[in-house]
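**Student:** Provided herewith is a single structure, encoded as structure tokens, for subsequent inquiry.
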Amino acid sequence: MTALLLAAVEEEGSPALFYTAGILLAVFAVAISAAGLRRSRFPEGGARAVMVVSVVLVVFTMAAAVISSG
């Protein structure tokens, strides 16, 4: 996956980095939703970790959008 991201960054203006980041964010959102639906006490002490991962993925996706628009 790292090779894909590096290849996308090298080719400026390519939307591959943004697509990769967006897919990662969407998969994370679906996984968190599924976990929340299965367990009534989700995330049981891991709320901060879920929030941090969410913020990191959103910021990464936003940065990828700016980079790939160039």
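Labels for the structure tokens follow display order: chains A, B, ..., residues from 1 in each chain, ligands from 1.
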Based on DSSP run over this structure's backbone, return all residues of chain A in helix (DSSP H, G or I), as a ChimeraX atom specification.
**Tutor:** /A:2-10,16-38,47-69
**Student:** Which distance in Å separates CA of Val50 in chain A and CA of Phe28 in chain A, to one decimal?
**Tutor:** 9.8 Å
**Student:** Please provide the set of residues having any atom within 9 Å of Phe18 in chain A, restricted to only C-alpha atoms, with same-chain residues fewer than 6 positions apart removed, written as a list in words.
**Tutor:** Ala8, Phe60, Thr61, Met62, Ala63, Ala64, Ala65, Val66, Ile67 and Ser68 of chain A
**Student:** Residues of the last selection are to be written out with N, CA and C atoms, as a PDB file, in the first residue's frame.
**Tutor:**
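What landed in selection_9.pdb:
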ATOM      1  N   ALA A   8       1.430   7.488  -6.287  1.00  0.00           N
ATOM      2  CA  ALA A   8       0.406   8.504  -6.500  1.00  0.00           C
ATOM      3  C   ALA A   8       0.945   9.898  -6.215  1.00  0.00           C
ATOM      4  N   PHE A  60      -6.023  13.173   6.432  1.00  0.00           N
ATOM      5  CA  PHE A  60      -5.265  12.575   5.337  1.00  0.00           C
ATOM      6  C   PHE A  60      -6.048  12.645   4.024  1.00  0.00           C
ATOM      7  N   THR A  61      -7.353  12.381   4.096  1.00  0.00           N
ATOM      8  CA  THR A  61      -8.189  12.449   2.891  1.00  0.00           C
ATOM      9  C   THR A  61      -8.283  13.878   2.373  1.00  0.00           C
ATOM     10  N   MET A  62      -8.411  14.841   3.286  1.00  0.00           N
ATOM     11  CA  MET A  62      -8.471  16.234   2.862  1.00  0.00           C
ATOM     12  C   MET A  62      -7.147  16.678   2.223  1.00  0.00           C
ATOM     13  N   ALA A  63      -6.046  16.271   2.824  1.00  0.00           N
ATOM     14  CA  ALA A  63      -4.730  16.615   2.267  1.00  0.00           C
ATOM     15  C   ALA A  63      -4.533  15.966   0.902  1.00  0.00           C
ATOM     16  N   ALA A  64      -4.997  14.735   0.761  1.00  0.00           N
ATOM     17  CA  ALA A  64      -4.892  14.052  -0.529  1.00  0.00           C
ATOM     18  C   ALA A  64      -5.717  14.769  -1.594  1.00  0.00           C
ATOM     19  N   ALA A  65      -6.870  15.287  -1.203  1.00  0.00           N
ATOM     20  CA  ALA A  65      -7.694  16.039  -2.158  1.00  0.00           C
ATOM     21  C   ALA A  65      -6.975  17.292  -2.628  1.00  0.00           C
ATOM     22  N   VAL A  66      -6.337  17.993  -1.714  1.00  0.00           N
ATOM     23  CA  VAL A  66      -5.611  19.214  -2.080  1.00  0.00           C
ATOM     24  C   VAL A  66      -4.408  18.878  -2.954  1.00  0.00           C
ATOM     25  N   ILE A  67      -3.673  17.830  -2.578  1.00  0.00           N
ATOM     26  CA  ILE A  67      -2.487  17.431  -3.348  1.00  0.00           C
ATOM     27  C   ILE A  67      -2.862  17.001  -4.750  1.00  0.00           C
ATOM     28  N   SER A  68      -3.923  16.233  -4.874  1.00  0.00           N
ATOM     29  CA  SER A  68      -4.284  15.691  -6.193  1.00  0.00           C
ATOM     30  C   SER A  68      -4.988  16.729  -7.072  1.00  0.00           C
TER      31      SER A  68
END
**Student:** Give the answer as one residue: which of A:Ile32, A:Tyr19, A:Ser69, A:Ala26 has the shortest atom-to-atom distance to Ala47 in chain A, using only C-alpha atoms?
**Tutor:** A:Ile32
